[in-house]
Structures are given as structure tokens and as C-alpha cells.
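Engineer: Structure file entry_7.cif (mmCIF, C-alpha atoms) is given on the next line.
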```cif
data_run
loop_
_atom_site.label_atom_id
_atom_site.label_comp_id
_atom_site.auth_asym_id
_atom_site.auth_seq_id
_atom_site.Cartn_x
_atom_site.Cartn_y
_atom_site.Cartn_z
CA MET A 515 65.02 -177.53 -142.62
CA ALA A 516 63.54 -174.31 -143.81
CA SER A 517 59.83 -174.18 -144.34
CA ALA A 518 57.74 -171.12 -144.94
CA LEU A 519 54.08 -170.22 -145.13
CA ILE A 520 53.06 -167.49 -147.55
CA ASN A 521 49.64 -165.88 -147.85
CA VAL A 522 49.10 -163.84 -151.00
CA PRO A 523 45.63 -163.29 -152.46
CA ALA A 524 45.33 -165.39 -155.63
CA ARG A 525 43.37 -162.67 -157.45
CA ALA A 526 43.29 -158.89 -157.11
CA LYS A 527 42.03 -155.86 -158.99
CA ARG A 528 44.56 -153.56 -160.67
CA GLY A 529 45.60 -150.81 -158.28
CA GLU A 530 44.27 -152.64 -155.24
CA ILE A 531 46.38 -152.68 -152.08
CA ILE A 532 47.04 -156.29 -151.12
CA GLU A 533 48.27 -157.67 -147.82
CA ILE A 534 51.01 -160.27 -147.88
CA LYS A 535 51.82 -162.47 -144.90
CA THR A 536 54.97 -164.56 -144.52
CA LEU A 537 56.03 -166.92 -141.76
CA ILE A 538 59.32 -168.79 -141.82
CA SER A 539 60.75 -171.45 -139.59
CA HIS A 540 63.97 -170.21 -137.97
CA VAL A 541 65.44 -170.38 -134.44
CA MET A 542 66.66 -166.73 -134.40
CA GLU A 543 69.33 -167.52 -131.83
CA THR A 544 70.42 -164.14 -130.45
CA GLY A 545 74.10 -164.83 -129.77
CA PHE A 546 73.72 -163.44 -126.26
CA ARG A 547 72.60 -166.64 -124.57
CA ARG A 548 74.96 -169.06 -122.88
CA THR A 549 74.82 -172.77 -122.21
CA GLN A 550 74.71 -174.08 -118.64
CA LEU A 551 78.50 -174.40 -118.83
CA GLY A 552 78.89 -170.74 -119.75
CA ALA A 553 79.81 -171.13 -123.43
CA VAL A 554 78.24 -168.56 -125.72
CA ILE A 555 75.67 -170.02 -128.14
CA PRO A 556 76.71 -168.55 -131.50
CA ARG A 557 74.37 -166.12 -133.14
CA ASP A 558 72.15 -167.67 -135.82
CA ILE A 559 69.59 -165.23 -137.20
CA ILE A 560 68.00 -164.22 -140.47
CA ARG A 561 69.61 -160.92 -141.50
CA ARG A 562 67.59 -159.89 -144.49
CA PHE A 563 64.22 -160.44 -146.09
CA VAL A 564 63.45 -159.27 -149.61
CA CYS A 565 60.29 -159.50 -151.69
CA THR A 566 60.32 -158.85 -155.43
CA TYR A 567 57.25 -158.50 -157.62
CA ASN A 568 58.00 -159.42 -161.24
CA GLY A 569 61.65 -158.57 -160.60
CA THR A 570 61.01 -155.23 -158.87
CA GLU A 571 61.85 -155.01 -155.20
CA VAL A 572 58.71 -154.01 -153.30
CA PHE A 573 59.70 -154.75 -149.72
CA ARG A 574 62.90 -155.28 -147.78
CA ALA A 575 63.58 -155.77 -144.08
CA GLU A 576 66.69 -156.11 -141.99
CA LEU A 577 66.34 -158.39 -139.00
CA HIS A 578 68.20 -158.13 -135.71
CA PRO A 579 68.86 -160.38 -132.70
CA ALA A 580 65.84 -159.16 -130.69
CA ILE A 581 63.38 -160.64 -133.19
CA ALA A 582 61.56 -163.76 -131.99
CA ALA A 583 61.91 -167.22 -133.49
CA ASN A 584 59.93 -168.01 -136.65
CA PRO A 585 59.67 -164.41 -137.90
CA PHE A 586 56.22 -163.39 -139.12
CA ILE A 587 56.39 -160.47 -141.56
CA VAL A 588 53.28 -158.79 -142.92
CA PHE A 589 53.41 -155.99 -145.46
CA SER A 590 51.34 -154.56 -148.29
CA THR A 591 51.92 -153.65 -151.88
CA VAL A 592 49.88 -152.48 -154.85
CA ALA A 593 48.68 -155.09 -157.32
CA VAL A 594 49.95 -153.76 -160.65
CA GLU A 595 50.07 -156.79 -162.96
CA SER A 596 49.75 -160.56 -163.01
CA GLY A 597 52.96 -162.34 -162.18
CA THR A 598 55.15 -163.79 -159.50
CA LEU A 599 56.20 -162.63 -156.08
CA VAL A 600 59.53 -163.99 -154.92
CA PHE A 601 60.38 -164.02 -151.22
CA SER A 602 63.91 -164.61 -150.03
CA TRP A 603 65.41 -164.80 -146.57
CA THR A 604 69.17 -164.80 -146.00
CA GLY A 605 71.05 -165.07 -142.75
CA ASP A 606 73.93 -166.36 -140.68
CA HIS A 607 75.81 -169.56 -141.51
CA GLY A 608 74.82 -169.32 -145.15
CA PHE A 609 71.09 -169.56 -144.41
CA SER A 610 69.05 -168.98 -147.54
CA ALA A 611 65.44 -169.74 -148.38
CA THR A 612 63.30 -168.74 -151.33
CA GLU A 613 59.57 -169.08 -151.91
CA THR A 614 57.36 -167.89 -154.73
CA ALA A 615 53.68 -167.07 -155.07
CA ALA A 616 51.61 -166.30 -158.14
CA ILE A 617 49.06 -163.51 -158.35
CA SER A 618 46.60 -162.79 -161.11
CA VAL A 619 45.52 -159.17 -161.56
CA ASP A 620 42.51 -158.10 -163.60
CA MET B 516 49.71 -163.23 -87.09
CA ARG B 517 47.29 -165.76 -85.65
CA PHE B 518 44.49 -164.01 -87.54
CA VAL B 519 46.42 -164.34 -90.84
CA GLY B 520 46.99 -168.02 -90.07
CA ALA B 521 43.28 -168.53 -89.45
CA VAL B 522 42.39 -166.81 -92.73
CA ALA B 523 44.91 -168.95 -94.58
CA ALA B 524 43.50 -172.10 -92.97
CA LEU B 525 40.00 -171.05 -93.97
CA ALA B 526 41.12 -170.38 -97.53
CA ILE B 527 42.67 -173.84 -97.77
CA ALA B 528 39.57 -175.46 -96.24
CA ALA B 529 37.39 -173.64 -98.77
CA SER B 530 39.63 -174.67 -101.64
CA ALA B 531 39.65 -178.30 -100.52
CA VAL B 532 35.91 -178.61 -101.06
CA ALA B 533 35.76 -176.67 -104.35
CA GLY B 534 36.34 -179.85 -106.38
CA GLU B 535 35.93 -180.40 -110.08
CA ILE B 536 34.89 -177.63 -112.45
CA PRO B 537 31.22 -177.93 -113.47
CA ARG B 538 30.76 -178.70 -117.15
CA ALA B 539 29.10 -175.37 -117.92
CA ASP B 540 32.05 -173.45 -116.46
CA ARG B 541 34.77 -175.24 -118.41
CA ARG B 542 36.86 -172.94 -120.58
CA SER B 543 39.70 -173.67 -122.95
CA GLY B 544 43.03 -171.86 -122.47
CA TYR B 545 42.11 -170.01 -125.67
CA GLU B 546 39.45 -168.04 -123.82
CA PHE B 547 41.99 -166.72 -121.32
CA MET B 548 44.25 -165.34 -124.08
CA SER B 549 44.62 -161.81 -125.38
CA ARG B 550 42.91 -160.79 -128.61
CA GLU B 551 46.30 -160.67 -130.39
CA THR B 552 47.29 -164.19 -129.38
CA ARG B 553 43.86 -165.51 -130.42
CA ALA B 554 44.27 -163.86 -133.83
CA MET B 555 47.66 -165.55 -134.15
CA GLN B 556 46.15 -168.98 -133.50
CA ASP B 557 43.14 -168.46 -135.76
CA ASP B 558 45.07 -167.48 -138.87
CA ASP B 559 46.84 -170.50 -140.39
CA THR B 560 49.51 -168.29 -141.95
CA ALA B 561 50.21 -166.51 -138.66
CA ASN B 562 50.13 -169.62 -136.46
CA PRO B 563 53.74 -170.85 -136.19
CA GLY B 564 52.45 -174.32 -135.23
CA MET B 565 51.47 -174.71 -138.88
CA LEU B 566 55.18 -174.81 -139.78
CA TRP B 567 55.38 -178.12 -137.91
CA VAL B 568 52.17 -179.33 -139.52
CA LEU B 569 53.69 -178.51 -142.92
CA GLU B 570 56.81 -180.48 -142.04
CA GLY B 571 54.71 -183.32 -140.64
CA GLY B 572 52.92 -183.56 -143.97
CA THR B 573 56.27 -184.08 -145.69
CA LEU B 574 57.31 -186.73 -143.15
CA TRP B 575 53.96 -188.48 -143.57
CA GLU B 576 54.79 -189.15 -147.23
CA LYS B 577 58.46 -190.00 -146.68
CA LYS B 578 59.49 -193.67 -146.83
CA THR B 579 61.72 -194.54 -143.90
CA GLY B 580 63.23 -197.43 -141.92
CA ALA B 581 64.23 -200.93 -142.99
CA ALA B 582 60.67 -201.61 -144.17
CA GLY B 583 60.91 -198.66 -146.59
CA ARG B 584 57.35 -197.62 -145.82
CA ALA B 585 55.81 -194.20 -145.27
CA CYS B 586 52.91 -193.44 -142.91
CA ALA B 587 50.84 -192.79 -146.05
CA ASP B 588 51.48 -196.33 -147.39
CA CYS B 589 49.38 -197.85 -144.59
CA HIS B 590 47.16 -194.97 -143.49
CA GLY B 591 46.45 -193.33 -146.87
CA ASP B 592 44.74 -189.96 -146.86
CA PRO B 593 45.32 -188.46 -143.40
CA ARG B 594 42.22 -186.27 -143.67
CA ALA B 595 40.14 -189.46 -143.53
CA SER B 596 42.32 -191.94 -141.65
CA MET B 597 43.59 -189.56 -138.94
CA LYS B 598 40.37 -187.62 -138.44
CA GLY B 599 39.50 -187.72 -134.75
CA VAL B 600 42.46 -189.92 -133.84
CA ALA B 601 44.28 -187.36 -131.69
CA ALA B 602 41.00 -186.63 -129.89
CA ARG B 603 41.00 -190.24 -128.62
CA TYR B 604 44.53 -190.29 -127.13
CA PRO B 605 45.93 -191.45 -124.73
CA ALA B 606 44.36 -194.75 -125.80
CA PHE B 607 44.67 -198.28 -124.48
CA ASP B 608 47.36 -200.39 -126.12
CA ALA B 609 46.62 -204.08 -125.73
CA ALA B 610 50.23 -205.11 -126.41
CA ILE B 611 51.60 -203.40 -123.31
CA GLY B 612 48.38 -203.42 -121.32
CA ARG B 613 48.15 -199.71 -120.56
CA PRO B 614 47.24 -196.40 -122.24
CA ILE B 615 49.85 -194.76 -124.44
CA SER B 616 50.15 -191.19 -125.65
CA LEU B 617 49.92 -190.12 -129.29
CA GLU B 618 53.70 -189.63 -129.39
CA GLN B 619 54.21 -193.16 -128.10
CA ARG B 620 51.75 -194.52 -130.68
CA ILE B 621 53.69 -192.81 -133.50
CA ASN B 622 56.93 -194.29 -132.20
CA ARG B 623 55.38 -197.76 -131.86
CA CYS B 624 54.33 -197.49 -135.51
CA ARG B 625 57.85 -196.47 -136.47
CA ILE B 626 59.45 -199.38 -134.62
CA ASP B 627 56.95 -202.12 -135.53
CA ARG B 628 55.76 -201.16 -139.01
CA GLN B 629 58.53 -199.02 -140.47
CA GLN B 630 61.36 -200.75 -138.60
CA ALA B 631 62.88 -197.35 -137.96
CA PRO B 632 64.39 -196.06 -134.71
CA ALA B 633 62.03 -194.28 -132.32
CA LEU B 634 62.09 -190.49 -132.51
CA ALA B 635 63.29 -188.65 -129.41
CA TYR B 636 60.64 -186.89 -127.31
CA GLU B 637 60.36 -183.19 -128.27
CA SER B 638 62.45 -183.76 -131.41
CA ARG B 639 61.37 -181.68 -134.36
CA GLU B 640 60.27 -184.76 -136.34
CA LEU B 641 58.12 -186.25 -133.56
CA LEU B 642 56.47 -182.90 -132.85
CA ALA B 643 55.89 -182.40 -136.57
CA LEU B 644 54.20 -185.78 -137.02
CA THR B 645 52.15 -185.35 -133.84
CA ALA B 646 51.06 -181.86 -134.90
CA PHE B 647 50.15 -183.15 -138.35
CA VAL B 648 48.00 -185.93 -136.88
CA ALA B 649 46.48 -183.63 -134.24
CA ARG B 650 45.61 -181.05 -136.92
CA GLN B 651 43.26 -183.60 -138.53
CA SER B 652 41.12 -183.52 -135.36
CA ARG B 653 40.71 -179.75 -135.22
CA GLY B 654 37.13 -178.83 -134.41
CA LEU B 655 36.23 -182.30 -133.11
CA PRO B 656 35.29 -183.05 -129.50
CA ILE B 657 37.81 -184.72 -127.19
CA ASP B 658 36.68 -188.31 -126.78
CA VAL B 659 39.00 -190.54 -124.75
CA THR B 660 37.65 -194.02 -124.03
CA ILE B 661 37.17 -194.86 -120.38
CA ASP B 662 36.27 -198.50 -119.81
CA ALA B 663 37.24 -201.28 -117.44
CA ARG B 664 40.72 -201.45 -118.96
CA THR B 665 41.56 -197.74 -118.77
CA HIS B 666 39.72 -196.89 -115.56
CA PRO B 667 42.60 -197.78 -113.19
CA PHE B 668 44.91 -195.47 -115.17
CA LEU B 669 42.35 -192.66 -115.09
CA ASP B 670 42.18 -193.05 -111.32
CA ALA B 671 45.98 -192.98 -111.10
CA GLY B 672 46.02 -189.75 -113.15
CA ARG B 673 43.33 -188.22 -110.98
CA ALA B 674 45.32 -189.13 -107.87
CA THR B 675 48.43 -187.44 -109.30
CA PHE B 676 46.36 -184.35 -110.14
CA HIS B 677 45.15 -184.09 -106.56
CA ARG B 678 48.38 -185.08 -104.81
CA ARG B 679 50.43 -182.32 -103.25
CA GLN B 680 54.05 -182.53 -104.28
CA GLY B 681 57.29 -180.59 -104.55
CA GLN B 682 58.87 -178.11 -102.21
CA LEU B 683 55.87 -175.80 -102.60
CA ASN B 684 53.63 -178.71 -101.59
CA LEU B 685 51.02 -177.95 -104.22
CA ALA B 686 48.65 -180.19 -106.16
CA CYS B 687 47.62 -179.44 -109.76
CA ALA B 688 44.02 -179.14 -108.52
CA GLN B 689 44.82 -176.30 -106.15
CA CYS B 690 45.58 -173.99 -109.05
CA HIS B 691 43.57 -175.43 -111.91
CA ASP B 692 40.37 -176.59 -110.15
CA ASP B 693 40.20 -174.18 -107.24
CA ASN B 694 41.83 -170.95 -108.39
CA TRP B 695 41.47 -170.76 -112.16
CA GLY B 696 40.81 -167.32 -113.54
CA ARG B 697 42.86 -165.70 -110.77
CA GLN B 698 46.34 -164.28 -111.20
CA LEU B 699 49.60 -166.10 -110.63
CA ALA B 700 52.04 -163.19 -110.80
CA GLY B 701 51.23 -161.59 -114.17
CA ASN B 702 49.46 -164.60 -115.65
CA VAL B 703 45.89 -165.78 -115.48
CA ILE B 704 45.64 -169.36 -114.19
CA PRO B 705 43.86 -171.42 -116.85
CA GLN B 706 41.79 -174.55 -116.20
CA ALA B 707 44.39 -176.89 -117.70
CA HIS B 708 42.27 -178.34 -120.48
CA PRO B 709 44.71 -179.75 -123.05
CA THR B 710 42.66 -178.99 -126.17
CA GLY B 711 45.42 -177.87 -128.49
CA TYR B 712 48.53 -180.02 -128.01
CA PRO B 713 51.12 -180.08 -129.40
CA LEU B 714 50.99 -176.30 -129.20
CA TYR B 715 53.18 -173.32 -129.94
CA ARG B 716 54.03 -171.59 -126.72
CA LEU B 717 55.36 -168.07 -127.11
CA GLU B 718 57.50 -168.54 -124.02
CA TRP B 719 59.17 -171.57 -125.64
CA GLN B 720 59.46 -169.95 -129.06
CA SER B 721 58.64 -173.43 -130.28
CA LEU B 722 56.08 -176.19 -130.48
CA GLY B 723 55.95 -178.51 -127.48
CA SER B 724 54.02 -181.52 -126.23
CA LEU B 725 51.61 -181.75 -123.32
CA GLN B 726 54.28 -183.66 -121.40
CA ARG B 727 56.69 -180.74 -121.80
CA ARG B 728 54.01 -178.46 -120.35
CA LEU B 729 53.32 -180.83 -117.45
CA ARG B 730 57.04 -181.04 -116.68
CA ASN B 731 57.16 -177.21 -116.70
CA CYS B 732 54.38 -177.09 -114.12
CA LEU B 733 56.15 -179.69 -111.97
CA VAL B 734 59.34 -177.63 -112.01
CA GLY B 735 57.20 -174.61 -111.10
CA ILE B 736 56.02 -176.28 -107.91
CA ARG B 737 59.64 -177.36 -107.25
CA ALA B 738 58.86 -181.04 -107.76
CA GLU B 739 61.13 -183.40 -109.64
CA PRO B 740 59.51 -183.80 -113.07
CA TYR B 741 58.70 -187.28 -114.35
CA ASP B 742 60.69 -188.39 -117.40
CA TYR B 743 59.20 -188.03 -120.87
CA GLY B 744 57.02 -191.06 -121.56
CA ALA B 745 56.77 -191.97 -117.86
CA ASN B 746 53.59 -193.84 -116.92
CA GLU B 747 52.69 -191.12 -114.42
CA LEU B 748 52.69 -188.47 -117.15
CA VAL B 749 50.59 -190.60 -119.52
CA ASP B 750 48.07 -191.31 -116.72
CA LEU B 751 47.94 -187.60 -115.97
CA GLU B 752 47.40 -186.88 -119.68
CA LEU B 753 44.55 -189.41 -119.70
CA TYR B 754 42.93 -187.75 -116.70
CA LEU B 755 43.29 -184.27 -118.18
CA LEU B 756 41.82 -185.33 -121.53
CA TRP B 757 38.94 -187.07 -119.75
CA ARG B 758 38.43 -183.94 -117.65
CA ALA B 759 38.22 -181.97 -120.92
CA ARG B 760 35.96 -184.54 -122.62
CA GLY B 761 33.64 -183.02 -125.17
CA MET B 762 35.67 -179.83 -125.50
CA THR B 763 36.77 -178.82 -129.00
CA MET B 764 40.25 -179.69 -130.27
CA ASP B 765 42.18 -176.68 -131.61
CA ALA B 766 45.62 -178.16 -132.32
CA PRO B 767 48.11 -176.77 -133.07
CA ALA B 768 47.12 -174.04 -130.64
CA VAL B 769 49.09 -170.94 -129.65
CA ARG B 770 49.44 -170.13 -125.97
CA PRO B 771 51.39 -167.42 -124.14
#
```
As C-alpha cells, what does this structure read like?
Structural biologist:
Amino acid sequence: MASALINVPARAKRGEIIEIKTLISHVMETGFRRTQLGAVIPRDIIRRFVCTYNGTEVFRAELHPAIAANPFIVFSTVAVESGTLVFSWTGDHGFSATETAAISVD
Amino acid sequence: MRFVGAVAALAIAASAVAGEIPRADRRSGYEFMSRETRAMQDDDTANPGMLWVLEGGTLWEKKTGAAGRACADCHGDPRASMKGVAARYPAFDAAIGRPISLEQRINRCRIDRQQAPALAYESRELLALTAFVARQSRGLPIDVTIDARTHPFLDAGRATFHRRQGQLNLACAQCHDDNWGRQLAGNVIPQAHPTGYPLYRLEWQSLGSLQRRLRNCLVGIRAEPYDYGANELVDLELYLLWRARGMTMDAPAVRP
């Protein structure tokens, strides 16, 4: 079950730099670990995180096996207009999660 | 060599009389953490434990079992009904005549009221519900009830805490009463006050219960850990919560 926590300021001034925090629930299994019987535990990680702001991509990250479970990604962008931020995470085994947050800019 | 032996004997003699930590000196594990880890716990969008709380909130509303009832159907608004509840556990259960942990209480509710199967210890669902309930007690003082009924179990927990066990022949008290604040390899030994369980441990990359932590410690002293839900672990929980009485709950906490 994918669950995510997003922190976006509800209001901002035009041109202001805003900080966005995202935390998503994911095991981030590296693919290098083995069970006690020696079988490789298959890799299961998030590969890509994208944030769009009213349809424009403002942030993108590629994730790799060394990243800890429940990735916490913080980034900033410039508040240009009121609208919606869409966050999407995609990964191994068809993993996909999307969250949205509204921001009002004055 | 004899001199070293004498020093070691002196050190053990000194530690044997050190005893319980005075109230003024008690410190939560939070105070032993780095600034970065504290910041992680303090910010609800950076604290991964909140992911379990979020999930617990969903489970709280979900109807389940043959009775088709959700936690919310009986308990209503958790902010009112569950406030301070986690701070009182382990609590005495009259039906079985001994204290039970918060996890056991949730499972009793599932079996008796919801007629649903018990959740496995350390399963995502049980941790989520426990974290959700514990979150409602954040900021409140730990307040376990010690009376004539629970006193024998408190004594049993205290005895376990002070009993040397395992191949290393160590008692909990030798680290956590006598040598807290000192280093064990690269880590500072905390005082073992369970203020924030279930908590997110960076080493686990997951949320875990107090019993998981206690079992970790038992493995560390090369003792055979008690099973999840064992009476010995619940008694030990009761003693630890009593030992931390009055300290502030900060569940779900983050610990290294």
C-alpha cells in the first residue's frame, strides 16, 4: 500500500521560493541482499520521481539502490501562479503512485 | 594481570550499587540523538513513522471481521477516545488476570468485538494501528497504573531487568542504569525509557514495537529472546514504562 506525505505551503507570494517536502512509503529493496538460504531478494525500488506544477515539470529525480527505505525528497521551486502540483513516483514491478497538492499564489 | 582483574572487580562492585536513575537525571532517548535525527522526528512530514500513523487512520475507519465493525464505530473520534490511552499501557486486563500490551489490547478488540483474526506481531497493520493510537498520546506523561493487581508483574519485570542473562552474562541494568551516556562501540548507551514506541528506527528502515527492540537487546547480549507477546516481555514493558513514569510521550519517535 502506497502512502505519501506531502508538505507544500498553502499560500505563497508570486516569485517566492517555496520548499516542498515529500515522503513516500516504500521498502527500497536493493537487490543485493540475500535470504538466509542464499536466494537473492529481487530488487524493488522507486526509479523515478517527477513533480509538475500546472503541467510544467519543475523537479525530477532518479533513484538508485543505495537510497534508504521510505525516500524523503525535499526540493524548492518558485511560486509563479495558483494551481496544482502533481507528484508521481514510478518504480520496479509496476510501482506507481501519484499525489497532488494545491497552492494559491497572490 | 591481577591488577586489571582487581580494577574490573572494583568497577563491577561500583556498578552494582549505582541503582536506579534519579528522577532529575532521567533523559529520553531523544536527548541522546543528533540534531539531524531530532529534526527528522520533530517534522511530521519528515518523520517516516507518520506513514504508519496515516495508514492506521485508514484502518481505524475500515469495517472488518464477521461483526463488520470498524474501530471508529465503537471508539468514535480517536483524538478524544484514544487520548492518553497508549500512555497507560501495559494495563491490567481482568479477563486474563494480568497486564497486556497495547498491541495485545488491539488484537483482543479485533477478536472479541470485530470477530476478526488477530494481526501478527510486527505486521504492518498492527504497527499502523498501534502507531495511530500512540500518536493520540503525544505530549502526555506516561502514566501506567501500579496497584495491588499489577504490582507482582512490575516486580517480575524489575527482576528481569536486573537479572544477568545470555552468553555475555549481562543484565539490562548494567548498561541502562549504570553506564548510560557512555559509549558502546560507536553508540551512546541511552537510559532505555520507552517514550516513543512504536518508533521508526533508522537501523530497521521501518517502524517497530518495543518488544522488537527488547528482543534486539537480548540478542545483543547473546540471550535467547522471549517470543513476541511472552509474559516476560510484557512484564519488562510494564517495568520500563513505570521507570519512565511522568516522562513525555513522543510516539511515533525516530531513533538511530
Engineer: Apply the PyMOL selection byres ((chain B) within 10 of (chain A)) to the structure shown and report the selected residues as a PyMOL selection string.
Structural biologist: chain B and resi 559-567+569-570+639+717+719-721
Engineer: Counting all atoms listed in the file, what is within 12 Å of Trp575 of chain B, bar same-chain residues fewer than 4 positions away, as a list in words?
Structural biologist: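 In the requested form, the answer reads Trp567, Val568, Leu569, Glu570, Gly571, Thr579, Arg584, Ala585, Cys586, Ala587, Asp588, Cys589, His590, Gly591, Asp592, Pro593, Arg594, Met597, Ile621, Arg625, Gln629, Glu640, Leu641, Ala643, Leu644, Thr645, Ala646, Phe647 and Val648 of chain B.
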Engineer: Tell me, as a list in words, which residues lie within 6 Å of Ala593 of chain A, counting only C-alpha atoms; anything in the same chain fewer than 3 positions away does not count.
Structural biologist: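 Counting only the stated atoms, we get Arg528, Gly529 and Glu530 of chain A.
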Engineer: Give me, please, the distance in Å between atom CA of Pro556 of chain A and atom CA of Glu543 of chain A, quoted to one decimal.
Structural biologist: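 For atom CA of Pro556 of chain A relative to atom CA of Glu543 of chain A, the distance reads 7.5 Å.
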Engineer: At what distance in Å, to one decimal, does atom CA of Ile657 of chain B lie from atom CA of Arg550 of chain B?
Structural biologist: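 So the answer is 24.5 Å.
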Engineer: Between atom CA of Gly735 of chain B and atom CA of Gln682 of chain B, what is the distance in Å, rounded to a tenth?
Structural biologist: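 Taking atom CA of Gly735 of chain B as the start and atom CA of Gln682 of chain B as the end point, the length is 9.7 Å.
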Engineer: Find the spatial neighbours of Phe668 of chain B, counting only C-alpha atoms, within a cut-off of 12 Å - ignore same-chain residues fewer than 4 positions away - and output them as a ChimeraX atom specification.
Structural biologist: /B:605-607,612-615,660-664,672-675,746-755,757
Engineer: Go through A:Thr598, A:Arg557, A:Ser618, A:Phe546 one by one, measure the shortest atom-to-atom distance of each to Thr570 of chain A using all atoms listed in the file, and give the residue with the smallest value.
Structural biologist: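 Under the stated criterion, the closest residue is A:Thr598.
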Engineer: Closest to Pro523 of chain A among A:Thr591, A:Phe609, A:Leu551, A:Ala580, using all atoms listed in the file?
Structural biologist: A:Thr591
Engineer: Would you kindly translate the PyMOL selection byres ((chain A and resi 605) around 8) into the concrete residues it picks from this file, as a PyMOL selection string?
Structural biologist: chain A and resi 558-562+603-604+606-610
Engineer: Exactly which residues make up the result of the PyMOL selection byres ((chain A and resi 599) around 6) on this file, given as an MDAnalysis selection string?
Structural biologist: chainID A and resid 566:567 598 600 614:615
Engineer: Store the residues of this selection in a file with C-alpha atoms, as a CSV table (one decimal), in the coordinates of the input.
Structural biologist:
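Once everything was written out, this is part21.csv:
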```csv
chain,number,residue,atom,x,y,z
A,566,THR,CA,60.3,-158.8,-155.4
A,567,TYR,CA,57.2,-158.5,-157.6
A,598,THR,CA,55.2,-163.8,-159.5
A,600,VAL,CA,59.5,-164.0,-154.9
A,614,THR,CA,57.4,-167.9,-154.7
A,615,ALA,CA,53.7,-167.1,-155.1
```
Engineer: Can you report as AutoDock Vina command-line options the centre and edge lengths in Å, to one decimal, of an axis-aligned box around the listed atoms of segment 578-582 of chain B padded with 3 Å on each side?
Structural biologist:
```
--center_x 61.9 --center_y -197.6 --center_z -144.4 --size_x 10.7 --size_y 13.9 --size_z 10.9
```
Engineer: Mind filling out segment 606-617 of chain A with N, CA and C atoms and sending it as a PDB file, in the frame of the given file?
Structural biologist:
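That gives us rebuild-v3.pdb:
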```
ATOM      1  N   ASP A 606      72.648-165.832-141.146  1.00  0.00           N
ATOM      2  CA  ASP A 606      73.930-166.360-140.680  1.00  0.00           C
ATOM      3  C   ASP A 606      74.149-167.800-141.121  1.00  0.00           C
ATOM      4  N   HIS A 607      75.400-168.197-141.149  1.00  0.00           N
ATOM      5  CA  HIS A 607      75.810-169.560-141.510  1.00  0.00           C
ATOM      6  C   HIS A 607      75.282-169.972-142.873  1.00  0.00           C
ATOM      7  N   GLY A 608      75.238-169.023-143.784  1.00  0.00           N
ATOM      8  CA  GLY A 608      74.820-169.320-145.150  1.00  0.00           C
ATOM      9  C   GLY A 608      73.353-169.649-145.307  1.00  0.00           C
ATOM     10  N   PHE A 609      72.523-169.256-144.318  1.00  0.00           N
ATOM     11  CA  PHE A 609      71.090-169.560-144.410  1.00  0.00           C
ATOM     12  C   PHE A 609      70.480-168.843-145.608  1.00  0.00           C
ATOM     13  N   SER A 610      69.723-169.577-146.378  1.00  0.00           N
ATOM     14  CA  SER A 610      69.050-168.980-147.540  1.00  0.00           C
ATOM     15  C   SER A 610      67.797-169.775-147.851  1.00  0.00           C
ATOM     16  N   ALA A 611      66.692-169.077-148.032  1.00  0.00           N
ATOM     17  CA  ALA A 611      65.440-169.740-148.380  1.00  0.00           C
ATOM     18  C   ALA A 611      64.688-168.861-149.363  1.00  0.00           C
ATOM     19  N   THR A 612      64.054-169.487-150.327  1.00  0.00           N
ATOM     20  CA  THR A 612      63.300-168.740-151.330  1.00  0.00           C
ATOM     21  C   THR A 612      61.941-169.398-151.540  1.00  0.00           C
ATOM     22  N   GLU A 613      60.910-168.580-151.619  1.00  0.00           N
ATOM     23  CA  GLU A 613      59.570-169.080-151.910  1.00  0.00           C
ATOM     24  C   GLU A 613      58.954-168.179-152.971  1.00  0.00           C
ATOM     25  N   THR A 614      58.024-168.719-153.732  1.00  0.00           N
ATOM     26  CA  THR A 614      57.360-167.890-154.730  1.00  0.00           C
ATOM     27  C   THR A 614      55.833-168.043-154.584  1.00  0.00           C
ATOM     28  N   ALA A 615      55.143-167.023-155.052  1.00  0.00           N
ATOM     29  CA  ALA A 615      53.680-167.070-155.070  1.00  0.00           C
ATOM     30  C   ALA A 615      53.194-166.358-156.316  1.00  0.00           C
ATOM     31  N   ALA A 616      52.144-166.899-156.910  1.00  0.00           N
ATOM     32  CA  ALA A 616      51.610-166.300-158.140  1.00  0.00           C
ATOM     33  C   ALA A 616      50.408-165.426-157.780  1.00  0.00           C
ATOM     34  N   ILE A 617      50.238-164.355-158.540  1.00  0.00           N
ATOM     35  CA  ILE A 617      49.060-163.510-158.350  1.00  0.00           C
ATOM     36  C   ILE A 617      48.493-163.169-159.732  1.00  0.00           C
TER      37      ILE A 617
END
```
